[in-house]
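Novice: Input structure: structure.txt, which contains compact mmCIF, C-alpha atoms and all ligand atoms.
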```txt
# COMPACT_ATOMS: atom_id res chain seq x y z
CA MET V 1 0.00 0.00 0.00
CA ARG V 2 1.32 3.42 -0.89
CA LYS V 3 1.06 5.98 1.90
CA GLN V 4 -1.20 8.97 1.33
CA ALA V 5 0.71 12.25 1.50
CA ILE V 6 0.78 15.92 0.60
CA LEU V 7 3.67 16.98 -1.64
CA ILE V 8 5.12 20.48 -1.34
CA THR V 9 7.77 21.47 -3.86
CA GLY V 10 9.88 24.51 -2.96
CA ALA V 11 9.20 23.68 0.69
CA SER V 12 12.39 25.38 1.91
CA GLY V 13 11.36 28.75 0.44
CA GLU V 14 9.49 31.61 2.09
CA ILE V 15 5.97 30.36 1.37
CA GLY V 16 7.00 26.72 1.71
CA GLN V 17 8.25 27.09 5.28
CA ALA V 18 5.11 28.93 6.35
CA LEU V 19 2.91 26.36 4.62
CA VAL V 20 4.71 23.41 6.23
CA GLN V 21 4.22 25.01 9.64
CA SER V 22 0.55 25.68 9.02
CA LEU V 23 -0.29 22.24 7.60
CA HIS V 24 1.58 20.61 10.46
CA GLU V 25 -0.42 22.63 13.02
CA GLN V 26 -3.65 21.57 11.31
CA GLY V 27 -2.62 17.93 11.65
CA SER V 28 -2.64 17.21 7.94
CA LEU V 29 -1.63 14.05 6.11
CA PRO V 30 2.14 13.38 6.14
CA ILE V 31 4.00 16.07 4.20
CA ILE V 32 6.79 15.37 1.72
CA ALA V 33 8.92 18.50 1.51
CA LEU V 34 10.85 18.54 -1.76
CA ASP V 35 13.42 21.27 -2.39
CA ILE V 36 16.85 21.60 -3.93
CA GLN V 37 17.89 23.44 -0.74
CA PRO V 38 17.73 21.81 2.69
CA LEU V 39 14.87 22.72 5.03
CA PRO V 40 15.94 24.67 8.13
CA GLU V 41 17.00 22.31 10.91
CA GLY V 42 14.03 23.01 13.20
CA MET V 43 11.47 22.09 10.54
CA ARG V 44 12.80 18.74 9.36
CA GLN V 45 11.01 16.70 11.99
CA LEU V 46 7.63 18.10 10.78
CA VAL V 47 7.93 16.48 7.36
CA THR V 48 9.58 13.84 5.24
CA PRO V 49 12.35 15.99 3.77
CA LEU V 50 13.47 15.21 0.25
CA GLN V 51 16.38 17.20 -1.10
CA GLY V 52 16.41 17.16 -4.88
CA ASP V 53 15.59 18.85 -8.14
CA ILE V 54 12.05 18.94 -9.56
CA LEU V 55 13.68 18.36 -12.97
CA ASP V 56 14.97 14.98 -11.80
CA ARG V 57 12.43 12.57 -13.37
CA SER V 58 13.82 9.50 -11.61
CA LEU V 59 13.37 11.19 -8.24
CA LEU V 60 9.72 11.94 -9.09
CA SER V 61 9.19 8.33 -10.23
CA ARG V 62 10.64 7.00 -6.98
CA LEU V 63 8.38 9.35 -5.08
CA ILE V 64 5.16 8.08 -6.62
CA SER V 65 6.23 4.46 -6.30
CA GLU V 66 6.15 5.01 -2.55
CA TYR V 67 3.41 7.60 -1.98
CA GLU V 68 -0.13 8.34 -3.06
CA ILE V 69 -0.08 12.11 -3.54
CA VAL V 70 -3.46 13.55 -2.60
CA THR V 71 -2.63 17.27 -2.79
CA LEU V 72 0.35 18.90 -4.47
CA PHE V 73 1.42 22.46 -3.63
CA HIS V 74 3.84 23.30 -6.42
CA LEU V 75 5.85 26.24 -5.10
CA ALA V 76 9.34 25.58 -6.49
CA ALA V 77 10.38 28.31 -8.93
CA LEU V 78 13.05 30.79 -9.87
CA LEU V 79 11.65 34.20 -8.93
CA SER V 80 11.34 37.28 -11.12
CA THR V 81 14.68 39.06 -10.73
CA ARG V 82 16.70 35.86 -10.71
CA ALA V 83 14.77 34.57 -13.73
CA GLU V 84 15.64 37.71 -15.68
CA PHE V 85 19.36 37.02 -15.22
CA THR V 86 19.03 33.36 -16.30
CA PRO V 87 15.92 33.22 -18.49
CA GLU V 88 16.62 29.81 -20.03
CA ALA V 89 17.26 28.21 -16.63
CA ALA V 90 14.07 29.88 -15.36
CA HIS V 91 12.12 28.39 -18.25
CA ARG V 92 13.46 24.95 -17.42
CA VAL V 93 12.57 25.14 -13.72
CA ASN V 94 9.38 27.17 -13.98
CA VAL V 95 7.85 25.60 -17.09
CA GLU V 96 9.45 22.18 -17.64
CA GLY V 97 9.44 21.57 -13.87
CA THR V 98 5.75 22.46 -13.69
CA LEU V 99 5.00 20.24 -16.69
CA SER V 100 6.70 17.27 -14.97
CA LEU V 101 4.67 17.81 -11.82
CA LEU V 102 1.43 18.18 -13.78
CA GLN V 103 2.24 14.86 -15.48
CA LEU V 104 2.93 13.30 -12.10
CA ALA V 105 -0.39 14.60 -10.74
CA ALA V 106 -2.20 13.45 -13.90
CA GLU V 107 -0.82 9.91 -13.50
CA GLN V 108 -1.66 9.89 -9.82
CA SER V 109 -5.23 11.05 -10.50
CA GLU V 110 -5.69 8.26 -13.02
CA TRP V 111 -4.15 5.65 -10.73
CA ARG V 112 -6.23 6.74 -7.71
CA GLY V 113 -9.43 7.16 -9.73
CA GLU V 114 -9.79 10.53 -7.99
CA PRO V 115 -8.42 13.97 -8.89
CA VAL V 116 -5.22 15.11 -7.23
CA LYS V 117 -5.54 18.74 -6.12
CA PHE V 118 -2.78 20.74 -7.78
CA ILE V 119 -2.31 24.12 -6.10
CA PHE V 120 -0.20 26.66 -7.94
CA PRO V 121 0.92 30.13 -6.81
CA SER V 122 1.00 32.49 -9.75
CA SER V 123 1.88 36.14 -9.52
CA ILE V 124 1.10 39.74 -10.26
CA ALA V 125 4.00 39.32 -12.73
CA ALA V 126 1.54 37.60 -15.08
CA TYR V 127 0.31 41.13 -15.89
CA GLY V 128 2.08 43.71 -17.99
CA LEU V 129 0.75 47.23 -18.38
CA PRO V 130 2.42 49.19 -21.18
CA ASP V 131 2.97 52.53 -19.37
CA LEU V 132 2.26 54.50 -16.20
CA GLU V 133 -0.74 56.26 -17.71
CA THR V 134 -2.43 52.90 -18.35
CA LYS V 135 -1.40 51.68 -14.89
CA THR V 136 -3.14 54.72 -13.35
CA SER V 137 -6.33 54.28 -15.34
CA TYR V 138 -6.63 50.50 -14.72
CA ALA V 139 -6.27 50.62 -10.97
CA ARG V 140 -7.80 47.24 -10.03
CA VAL V 141 -6.97 44.74 -12.72
CA ARG V 142 -9.13 41.67 -13.29
CA GLU V 143 -7.76 38.21 -14.07
CA TRP V 144 -8.25 38.35 -17.83
CA GLU V 145 -6.99 41.91 -18.37
CA TRP V 146 -3.47 42.95 -19.35
CA ASN V 147 -2.05 39.43 -19.57
CA TYR V 148 1.05 40.72 -21.38
CA PRO V 149 3.94 39.94 -19.02
CA ARG V 150 7.29 41.51 -19.78
CA THR V 151 9.48 39.16 -17.74
CA MET V 152 10.47 35.54 -18.29
CA TYR V 153 9.01 34.76 -14.87
CA GLY V 154 5.66 36.39 -15.77
CA CYS V 155 5.56 34.51 -19.10
CA ASN V 156 6.33 31.26 -17.25
CA LYS V 157 3.54 31.86 -14.72
CA LEU V 158 0.93 32.77 -17.32
CA TYR V 159 1.75 29.76 -19.46
CA CYS V 160 1.79 27.37 -16.48
CA GLU V 161 -1.66 28.63 -15.49
CA GLN V 162 -2.84 27.63 -18.96
CA LEU V 163 -1.02 24.28 -18.74
CA GLY V 164 -2.74 23.60 -15.41
CA ILE V 165 -6.14 24.38 -16.92
CA TYR V 166 -5.33 22.17 -19.91
CA PHE V 167 -4.36 19.23 -17.68
CA SER V 168 -7.53 19.59 -15.64
CA LYS V 169 -9.99 20.04 -18.50
CA HIS V 170 -8.62 18.88 -21.84
CA TYR V 171 -5.79 16.42 -21.18
CA ARG V 172 -5.93 13.49 -23.63
CA GLN V 173 -9.13 14.94 -25.12
CA LEU V 174 -8.86 12.74 -28.24
CA ALA V 175 -8.21 9.46 -26.36
CA ALA V 176 -10.90 6.77 -26.47
CA ASP V 177 -11.28 6.86 -22.69
CA ARG V 178 -11.04 10.18 -20.91
CA PRO V 179 -8.71 9.90 -17.91
CA VAL V 180 -9.56 11.04 -14.40
CA MET V 181 -8.10 14.51 -14.51
CA LEU V 182 -6.33 16.52 -11.86
CA ASP V 183 -7.99 19.45 -10.08
CA PHE V 184 -5.92 22.58 -10.84
CA ARG V 185 -6.39 25.67 -8.68
CA CYS V 186 -4.28 28.81 -8.79
CA VAL V 187 -3.92 32.10 -6.94
CA ARG V 188 -2.20 35.15 -8.38
CA PHE V 189 -0.37 36.66 -5.43
CA PRO V 190 0.74 40.26 -5.00
CA GLY V 191 4.15 40.94 -3.37
CA LEU V 192 4.38 38.82 -0.24
CA ILE V 193 5.97 39.88 3.04
CA SER V 194 7.09 37.49 5.75
CA ALA V 195 8.31 38.50 9.20
CA PHE V 196 10.31 35.30 9.54
CA THR V 197 12.15 34.88 6.25
CA VAL V 198 14.02 37.41 4.11
CA PRO V 199 13.06 37.36 0.45
CA SER V 200 15.56 36.93 -2.35
CA GLY V 201 15.25 37.08 -6.10
CA GLY V 202 11.84 38.79 -6.29
CA THR V 203 11.11 42.24 -7.71
CA SER V 204 8.63 43.26 -4.99
CA ASP V 205 11.36 42.64 -2.38
CA TYR V 206 11.94 46.36 -1.72
CA GLY V 207 9.00 46.39 0.73
CA PRO V 208 10.19 43.57 2.98
CA GLU V 209 13.84 44.64 2.51
CA MET V 210 13.04 48.11 3.92
CA LEU V 211 11.52 46.55 7.01
CA HIS V 212 14.18 43.93 7.64
CA ALA V 213 16.95 46.53 7.16
CA ALA V 214 15.23 49.02 9.49
CA ALA V 215 14.84 46.41 12.24
CA GLN V 216 18.57 45.65 12.03
CA GLY V 217 19.60 49.33 11.95
CA ILE V 218 21.10 48.91 8.46
CA PRO V 219 20.71 51.73 5.87
CA TYR V 220 18.67 50.73 2.83
CA ASP V 221 18.56 52.06 -0.74
CA CYS V 222 15.12 51.38 -2.22
CA PHE V 223 15.45 50.25 -5.84
CA VAL V 224 12.21 51.88 -7.08
CA ARG V 225 10.88 55.50 -7.10
CA GLU V 226 8.77 56.69 -4.17
CA ASP V 227 5.52 56.81 -6.18
CA VAL V 228 5.73 53.18 -7.43
CA ARG V 229 2.62 51.37 -6.23
CA ILE V 230 1.83 47.66 -6.12
CA PRO V 231 -0.33 45.43 -3.90
CA PHE V 232 1.11 43.46 -0.99
CA MET V 233 0.04 40.71 1.36
CA VAL V 234 1.54 39.30 4.54
CA MET V 235 2.47 35.63 4.74
CA PRO V 236 -0.36 34.47 7.07
CA ASP V 237 -2.89 35.71 4.50
CA ALA V 238 -0.98 34.06 1.65
CA ILE V 239 -1.15 30.72 3.49
CA LYS V 240 -4.80 31.33 4.31
CA ALA V 241 -5.51 31.92 0.59
CA LEU V 242 -3.73 28.71 -0.46
CA LEU V 243 -5.57 26.63 2.15
CA MET V 244 -8.99 28.20 1.54
CA LEU V 245 -8.69 27.61 -2.19
CA THR V 246 -7.58 24.02 -1.58
CA GLN V 247 -10.62 23.38 0.60
CA ALA V 248 -13.21 25.21 -1.55
CA PRO V 249 -15.95 22.92 -2.90
CA GLN V 250 -15.25 22.25 -6.57
CA GLU V 251 -18.82 23.12 -7.60
CA ASN V 252 -18.37 26.70 -6.28
CA LEU V 253 -15.39 27.40 -8.51
CA LYS V 254 -16.32 28.99 -11.82
CA ARG V 255 -12.72 29.70 -12.74
CA GLN V 256 -9.34 28.23 -11.85
CA VAL V 257 -7.11 31.27 -11.59
CA PHE V 258 -7.94 33.87 -8.93
CA ASN V 259 -6.45 37.20 -7.95
CA VAL V 260 -6.01 37.64 -4.21
CA THR V 261 -4.78 40.75 -2.45
CA SER V 262 -4.86 42.71 0.79
CA PHE V 263 -3.47 46.27 0.59
CA SER V 264 -1.81 48.47 -1.96
CA LEU V 265 0.97 50.93 -1.02
CA SER V 266 3.38 53.20 -2.82
CA ALA V 267 7.04 52.79 -1.89
CA GLU V 268 6.86 56.08 0.03
CA GLU V 269 3.73 55.00 1.94
CA PHE V 270 5.58 51.80 2.81
CA ARG V 271 8.62 53.80 3.96
CA GLN V 272 6.45 56.11 6.11
CA ARG V 273 4.92 53.09 7.83
CA VAL V 274 8.38 51.67 8.50
CA LEU V 275 9.49 55.05 9.93
CA VAL V 276 6.54 55.12 12.35
CA HIS V 277 7.89 51.97 13.99
CA PHE V 278 11.62 52.46 13.37
CA PRO V 279 12.11 56.27 13.45
CA ALA V 280 15.89 55.96 13.08
CA ALA V 281 15.61 53.92 9.86
CA GLN V 282 17.75 55.26 7.01
CA ILE V 283 15.79 54.51 3.84
CA THR V 284 16.72 56.41 0.71
CA TYR V 285 15.80 55.99 -2.95
CA LYS V 286 18.31 54.75 -5.47
CA PRO V 287 16.14 53.49 -8.32
CA ASP V 288 17.45 50.71 -10.46
CA LEU V 289 15.70 51.80 -13.66
CA LYS V 290 15.53 48.28 -15.05
CA ARG V 291 13.99 46.63 -12.00
CA GLN V 292 11.73 49.66 -11.52
CA GLY V 293 10.53 49.28 -15.11
CA ILE V 294 9.34 45.78 -14.26
CA VAL V 295 7.43 46.97 -11.18
CA ASP V 296 5.94 49.81 -13.24
CA SER V 297 4.39 47.21 -15.55
CA TRP V 298 2.59 45.49 -12.66
CA PRO V 299 -0.89 46.66 -11.62
CA ALA V 300 -1.30 49.13 -8.76
CA ASP V 301 -4.01 46.89 -7.34
CA LEU V 302 -5.79 43.61 -8.09
CA ASP V 303 -9.50 42.95 -8.32
CA ASP V 304 -10.04 39.87 -6.18
CA SER V 305 -13.85 39.93 -6.21
CA ALA V 306 -14.09 36.51 -7.93
CA ALA V 307 -12.17 34.90 -5.04
CA CYS V 308 -14.35 36.77 -2.52
CA ARG V 309 -17.54 35.56 -4.20
CA GLN V 310 -16.59 32.00 -5.08
CA TRP V 311 -14.63 30.86 -2.03
CA ASP V 312 -15.29 33.60 0.54
CA TRP V 313 -11.77 34.98 0.33
CA GLN V 314 -11.09 37.83 2.76
CA PRO V 315 -7.63 38.80 4.03
CA ASP V 316 -7.28 38.99 7.80
CA TYR V 317 -4.58 41.67 7.66
CA ASP V 318 -5.08 45.15 6.22
CA ALA V 319 -2.06 47.47 6.12
CA ASP V 320 -2.46 48.67 9.74
CA ARG V 321 -2.86 45.22 11.19
CA SER V 322 -0.06 43.82 9.01
CA PHE V 323 2.45 46.34 10.36
CA ASP V 324 1.17 46.67 13.94
CA GLU V 325 0.37 43.07 14.79
CA TYR V 326 2.37 40.85 12.46
CA LEU V 327 5.38 42.48 10.80
CA VAL V 328 6.82 44.91 13.34
CA PRO V 329 6.56 42.77 16.50
CA ASN V 330 7.86 39.61 14.83
CA ILE V 331 10.66 41.26 12.84
CA THR V 332 11.76 43.20 15.94
CA ARG V 333 11.85 39.98 17.97
CA ARG V 334 13.69 38.14 15.22
CA TYR V 335 16.64 40.55 15.21
CA GLN V 336 16.64 41.01 18.99
CA VAL V 337 17.10 37.27 19.33
CA VAL V 338 19.81 37.25 16.64
CA ASN V 339 21.67 40.17 18.26
CA GLU V 340 21.51 38.87 21.81
CA PRO V 341 24.87 37.55 23.12
N1 LIG K 1 7.16 35.64 -2.57
C1 LIG K 1 6.34 36.29 -3.38
O1 LIG K 1 6.19 37.53 -3.26
C2 LIG K 1 5.55 35.53 -4.41
C3 LIG K 1 4.53 36.22 -5.11
C4 LIG K 1 3.82 35.52 -6.08
C5 LIG K 1 4.07 34.18 -6.34
N2 LIG K 1 5.06 33.56 -5.65
C6 LIG K 1 5.32 32.16 -5.99
O2 LIG K 1 5.26 31.34 -4.84
C7 LIG K 1 6.19 30.27 -4.96
C8 LIG K 1 7.12 30.24 -3.76
O3 LIG K 1 7.72 31.51 -3.64
P1 LIG K 1 8.69 31.88 -2.45
O4 LIG K 1 8.50 33.33 -2.18
O5 LIG K 1 8.55 30.91 -1.35
O6 LIG K 1 10.08 31.73 -3.20
P2 LIG K 1 11.47 31.17 -2.66
O7 LIG K 1 12.51 31.54 -3.65
O8 LIG K 1 11.66 31.59 -1.24
O9 LIG K 1 11.21 29.59 -2.70
C9 LIG K 1 11.30 28.83 -3.87
C10 LIG K 1 11.92 27.51 -3.49
O10 LIG K 1 12.01 26.70 -4.66
C11 LIG K 1 13.20 25.96 -4.58
N3 LIG K 1 13.62 25.54 -5.91
C12 LIG K 1 14.03 26.32 -6.94
N4 LIG K 1 14.36 25.55 -7.98
C13 LIG K 1 14.15 24.27 -7.63
C14 LIG K 1 14.30 23.03 -8.29
N5 LIG K 1 14.75 22.95 -9.54
N6 LIG K 1 13.97 21.90 -7.62
C15 LIG K 1 13.53 21.95 -6.34
N7 LIG K 1 13.36 23.10 -5.67
C16 LIG K 1 13.68 24.25 -6.30
C17 LIG K 1 14.21 26.94 -3.97
O11 LIG K 1 15.32 26.25 -3.40
C18 LIG K 1 13.36 27.66 -2.95
O12 LIG K 1 13.46 27.06 -1.67
C19 LIG K 1 6.93 30.48 -6.27
O13 LIG K 1 6.32 29.69 -7.26
C20 LIG K 1 6.71 31.93 -6.56
O14 LIG K 1 6.76 32.18 -7.92
C21 LIG K 1 5.80 34.19 -4.69
```
Would you encode the structure as structure tokens?

Specialist:
Amino acid sequence: MRKQAILITGASGEIGQALVQSLHEQGSLPIIALDIQPLPEGMRQLVTPLQGDILDRSLLSRLISEYEIVTLFHLAALLSTRAEFTPEAAHRVNVEGTLSLLQLAAEQSEWRGEPVKFIFPSSIAAYGLPDLETKTSYARVREWEWNYPRTMYGCNKLYCEQLGIYFSKHYRQLAADRPVMLDFRCVRFPGLISAFTVPSGGTSDYGPEMLHAAAQGIPYDCFVREDVRIPFMVMPDAIKALLMLTQAPQENLKRQVFNVTSFSLSAEEFRQRVLVHFPAAQITYKPDLKRQGIVDSWPADLDDSAACRQWDWQPDYDADRSFDEYLVPNITRRYQVVNEP
């Protein structure tokens, strides 16, 4: 008998660590945590850790010979800035890696006679607005608008959303017998901020970087202009969104890709909030015109009304609560602990 399990790829990353913690607290099925990087020491006993590459087909075959995957959270990816430096490698990990996992989930669905839930985090990077004038006039962008990404990462996300839909609706559509197909569900996240992990390789990182630098008393040069505005969300809400979408009754879902968001801030509004809590913070602007150009192409806000209607999505943290109750106390504690002798 194969053991039922949840598979998380990219489990050692920012979202992965928070998701492992949350699923463990809920008392979920056993979790297989696959990542090319090791999980932090303190988390390994919560899961079955598996260090390896999602592009390693033999590793994936061994995995399904031992486990019955019921739900798959596919988080492993190369993020937007990193992907722009190595676009071909990003395509391999983000697209070919996703294709392999969709195939794995398709086979598992067929073998079990029941759909495997395939949960995929897409991104605001799937959008691409041509200029600032358009960005101002289309304040809250809906899922099907402005799907013209200008980064490799955004292209990868948009295409993988379509691949996921294909595998869940049209896979083997000309075969004599239609297979049991997987159940693909996707959220498009805004920039995420965690109090416990420091981001790397993303293009919305200037927000969390300001905060983490301020809490450590390190000066920070923000890489976008002060008026640049995008939506953000704190990690507890990101995990809440992933879990709510996973648990939503299939019959309530009229689409498979959903925007989710919580609050939208300009870089200067973000800086002012950081200064309220860390008045000595030294945050200046030193725009990197290329990275800023990418952020300028992302919407100022997302319309998440479909998620609100179809699976009762509501963030728990608005901007005030995010800073006052989650970010500032936890980030302060994190660096106090680190700095203590
Ligand atoms: N953090 C954000 O703001 C944000 C926003 C939107 C969407 N997302 C998406 O959420 C997912 C997780 O993001 P994150 O913020 O935790 O990123 P992260 O970079 O912290 O984590 C990604 C993890 O994937 C792993 N990984 C990369 N290549 C791999 C490979 N070939 N095989 C196995 N593991 C590999 C990395 O080691 C890393 O631990 C990604 O798909 C990302 O695109 C993140």

Novice: Determine, counting all atoms listed in the file, which protein, DNA and RNA residues have an atom within 12 Å of an atom of segment 296-301 of chain V; residues of the same chain fewer than 5 positions away are not included. Present the result as a CSV table (one decimal) with C-alpha atoms, in the coordinates of the input.

Specialist:
```csv
chain,number,residue,atom,x,y,z
V,123,SER,CA,1.9,36.1,-9.5
V,124,ILE,CA,1.1,39.7,-10.3
V,125,ALA,CA,4.0,39.3,-12.7
V,126,ALA,CA,1.5,37.6,-15.1
V,127,TYR,CA,0.3,41.1,-15.9
V,128,GLY,CA,2.1,43.7,-18.0
V,129,LEU,CA,0.8,47.2,-18.4
V,130,PRO,CA,2.4,49.2,-21.2
V,131,ASP,CA,3.0,52.5,-19.4
V,132,LEU,CA,2.3,54.5,-16.2
V,133,GLU,CA,-0.7,56.3,-17.7
V,134,THR,CA,-2.4,52.9,-18.4
V,135,LYS,CA,-1.4,51.7,-14.9
V,136,THR,CA,-3.1,54.7,-13.4
V,137,SER,CA,-6.3,54.3,-15.3
V,138,TYR,CA,-6.6,50.5,-14.7
V,139,ALA,CA,-6.3,50.6,-11.0
V,140,ARG,CA,-7.8,47.2,-10.0
V,141,VAL,CA,-7.0,44.7,-12.7
V,142,ARG,CA,-9.1,41.7,-13.3
V,143,GLU,CA,-7.8,38.2,-14.1
V,145,GLU,CA,-7.0,41.9,-18.4
V,146,TRP,CA,-3.5,43.0,-19.4
V,147,ASN,CA,-2.0,39.4,-19.6
V,148,TYR,CA,1.0,40.7,-21.4
V,149,PRO,CA,3.9,39.9,-19.0
V,150,ARG,CA,7.3,41.5,-19.8
V,151,THR,CA,9.5,39.2,-17.7
V,154,GLY,CA,5.7,36.4,-15.8
V,188,ARG,CA,-2.2,35.2,-8.4
V,189,PHE,CA,-0.4,36.7,-5.4
V,190,PRO,CA,0.7,40.3,-5.0
V,191,GLY,CA,4.2,40.9,-3.4
V,203,THR,CA,11.1,42.2,-7.7
V,204,SER,CA,8.6,43.3,-5.0
V,224,VAL,CA,12.2,51.9,-7.1
V,225,ARG,CA,10.9,55.5,-7.1
V,226,GLU,CA,8.8,56.7,-4.2
V,227,ASP,CA,5.5,56.8,-6.2
V,228,VAL,CA,5.7,53.2,-7.4
V,229,ARG,CA,2.6,51.4,-6.2
V,230,ILE,CA,1.8,47.7,-6.1
V,231,PRO,CA,-0.3,45.4,-3.9
V,232,PHE,CA,1.1,43.5,-1.0
V,233,MET,CA,0.0,40.7,1.4
V,259,ASN,CA,-6.4,37.2,-8.0
V,260,VAL,CA,-6.0,37.6,-4.2
V,261,THR,CA,-4.8,40.8,-2.4
V,262,SER,CA,-4.9,42.7,0.8
V,263,PHE,CA,-3.5,46.3,0.6
V,264,SER,CA,-1.8,48.5,-2.0
V,265,LEU,CA,1.0,50.9,-1.0
V,266,SER,CA,3.4,53.2,-2.8
V,267,ALA,CA,7.0,52.8,-1.9
V,287,PRO,CA,16.1,53.5,-8.3
V,288,ASP,CA,17.4,50.7,-10.5
V,289,LEU,CA,15.7,51.8,-13.7
V,290,LYS,CA,15.5,48.3,-15.0
V,291,ARG,CA,14.0,46.6,-12.0
```

Novice: Between atom CA of Leu23 of chain V and atom CA of Thr9 of chain V, what distance in Å does the model show, to one decimal?

Specialist: 14.0 Å

Novice: Can you measure atom CA of Gln256 of chain V to atom CA of Lys117 of chain V for me? One decimal in Å is fine.

Specialist: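 Distance between the two atoms: 11.7 Å.
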
Novice: Using all atoms listed in the file - which residues lie no farther than 9 Å from the point (-3.2, 23.4, -3.6) in the file's frame? Write them as JSON, numbers by chain.

Specialist: {"V": [71, 72, 73, 74, 117, 118, 119, 120, 121, 183, 184, 185, 186, 242, 243, 245, 246, 247]}

Novice: Calculated over all atoms listed in the file, which of the candidates V:Pro179, V:Gly207, V:Gly293, V:Gly27 has the smallest distance to Ser109 of chain V?

Specialist: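 That would be V:Pro179, the residue with the smallest distance to Ser109 of chain V.
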
Novice: Would you mind telling me which residue in V:Tyr166, V:Tyr206, V:Tyr171, V:Tyr67 lies nearest to ligand LIG 1 (chain K) when using all atoms listed in the file?

Specialist: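 For ligand LIG 1 (chain K), the nearest of the given residues is V:Tyr206.
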
Novice: Check which residues fall inside 8 Å of ligand LIG 1 (chain K) when counting all atoms listed in the file, and print them as a ChimeraX atom specification.

Specialist: /V:9-17,34-38,51-55,74-80,93-94,97,120-125,153,157,188-193,199-202,204-205

Novice: What does the file look like for those residues with C-alpha atoms, as a PDB file, in the coordinates of the input?

Specialist:
```
ATOM      1  CA  THR V   9       7.770  21.470  -3.860  1.00  0.00           C
ATOM      2  CA  GLY V  10       9.880  24.510  -2.960  1.00  0.00           C
ATOM      3  CA  ALA V  11       9.200  23.680   0.690  1.00  0.00           C
ATOM      4  CA  SER V  12      12.390  25.380   1.910  1.00  0.00           C
ATOM      5  CA  GLY V  13      11.360  28.750   0.440  1.00  0.00           C
ATOM      6  CA  GLU V  14       9.490  31.610   2.090  1.00  0.00           C
ATOM      7  CA  ILE V  15       5.970  30.360   1.370  1.00  0.00           C
ATOM      8  CA  GLY V  16       7.000  26.720   1.710  1.00  0.00           C
ATOM      9  CA  GLN V  17       8.250  27.090   5.280  1.00  0.00           C
ATOM     10  CA  LEU V  34      10.850  18.540  -1.760  1.00  0.00           C
ATOM     11  CA  ASP V  35      13.420  21.270  -2.390  1.00  0.00           C
ATOM     12  CA  ILE V  36      16.850  21.600  -3.930  1.00  0.00           C
ATOM     13  CA  GLN V  37      17.890  23.440  -0.740  1.00  0.00           C
ATOM     14  CA  PRO V  38      17.730  21.810   2.690  1.00  0.00           C
ATOM     15  CA  GLN V  51      16.380  17.200  -1.100  1.00  0.00           C
ATOM     16  CA  GLY V  52      16.410  17.160  -4.880  1.00  0.00           C
ATOM     17  CA  ASP V  53      15.590  18.850  -8.140  1.00  0.00           C
ATOM     18  CA  ILE V  54      12.050  18.940  -9.560  1.00  0.00           C
ATOM     19  CA  LEU V  55      13.680  18.360 -12.970  1.00  0.00           C
ATOM     20  CA  HIS V  74       3.840  23.300  -6.420  1.00  0.00           C
ATOM     21  CA  LEU V  75       5.850  26.240  -5.100  1.00  0.00           C
ATOM     22  CA  ALA V  76       9.340  25.580  -6.490  1.00  0.00           C
ATOM     23  CA  ALA V  77      10.380  28.310  -8.930  1.00  0.00           C
ATOM     24  CA  LEU V  78      13.050  30.790  -9.870  1.00  0.00           C
ATOM     25  CA  LEU V  79      11.650  34.200  -8.930  1.00  0.00           C
ATOM     26  CA  SER V  80      11.340  37.280 -11.120  1.00  0.00           C
ATOM     27  CA  VAL V  93      12.570  25.140 -13.720  1.00  0.00           C
ATOM     28  CA  ASN V  94       9.380  27.170 -13.980  1.00  0.00           C
ATOM     29  CA  GLY V  97       9.440  21.570 -13.870  1.00  0.00           C
ATOM     30  CA  PHE V 120      -0.200  26.660  -7.940  1.00  0.00           C
ATOM     31  CA  PRO V 121       0.920  30.130  -6.810  1.00  0.00           C
ATOM     32  CA  SER V 122       1.000  32.490  -9.750  1.00  0.00           C
ATOM     33  CA  SER V 123       1.880  36.140  -9.520  1.00  0.00           C
ATOM     34  CA  ILE V 124       1.100  39.740 -10.260  1.00  0.00           C
ATOM     35  CA  ALA V 125       4.000  39.320 -12.730  1.00  0.00           C
ATOM     36  CA  TYR V 153       9.010  34.760 -14.870  1.00  0.00           C
ATOM     37  CA  LYS V 157       3.540  31.860 -14.720  1.00  0.00           C
ATOM     38  CA  ARG V 188      -2.200  35.150  -8.380  1.00  0.00           C
ATOM     39  CA  PHE V 189      -0.370  36.660  -5.430  1.00  0.00           C
ATOM     40  CA  PRO V 190       0.740  40.260  -5.000  1.00  0.00           C
ATOM     41  CA  GLY V 191       4.150  40.940  -3.370  1.00  0.00           C
ATOM     42  CA  LEU V 192       4.380  38.820  -0.240  1.00  0.00           C
ATOM     43  CA  ILE V 193       5.970  39.880   3.040  1.00  0.00           C
ATOM     44  CA  PRO V 199      13.060  37.360   0.450  1.00  0.00           C
ATOM     45  CA  SER V 200      15.560  36.930  -2.350  1.00  0.00           C
ATOM     46  CA  GLY V 201      15.250  37.080  -6.100  1.00  0.00           C
ATOM     47  CA  GLY V 202      11.840  38.790  -6.290  1.00  0.00           C
ATOM     48  CA  SER V 204       8.630  43.260  -4.990  1.00  0.00           C
ATOM     49  CA  ASP V 205      11.360  42.640  -2.380  1.00  0.00           C
TER      50      ASP V 205
END
```

Novice: Nearest residue to Gln336 of chain V out of V:Ala215, V:Ala90, V:Leu63, V:Ala175, using all atoms listed in the file?

Specialist: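 When distances to Gln336 of chain V are compared using all atoms listed in the file, the smallest one comes from V:Ala215.
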
Novice: Which residue, V:Glu114, V:Glu268, V:Glu209, V:Glu96, has the smallest gap to Glu68 of chain V when you use only C-alpha atoms?

Specialist: V:Glu114

Novice: Using atom CA of Pro49 of chain V and atom CA of Leu327 of chain V as the two end points, give the distance in Å to one decimal.

Specialist: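 Going from atom CA of Pro49 of chain V over to atom CA of Leu327 of chain V, I get 28.3 Å.
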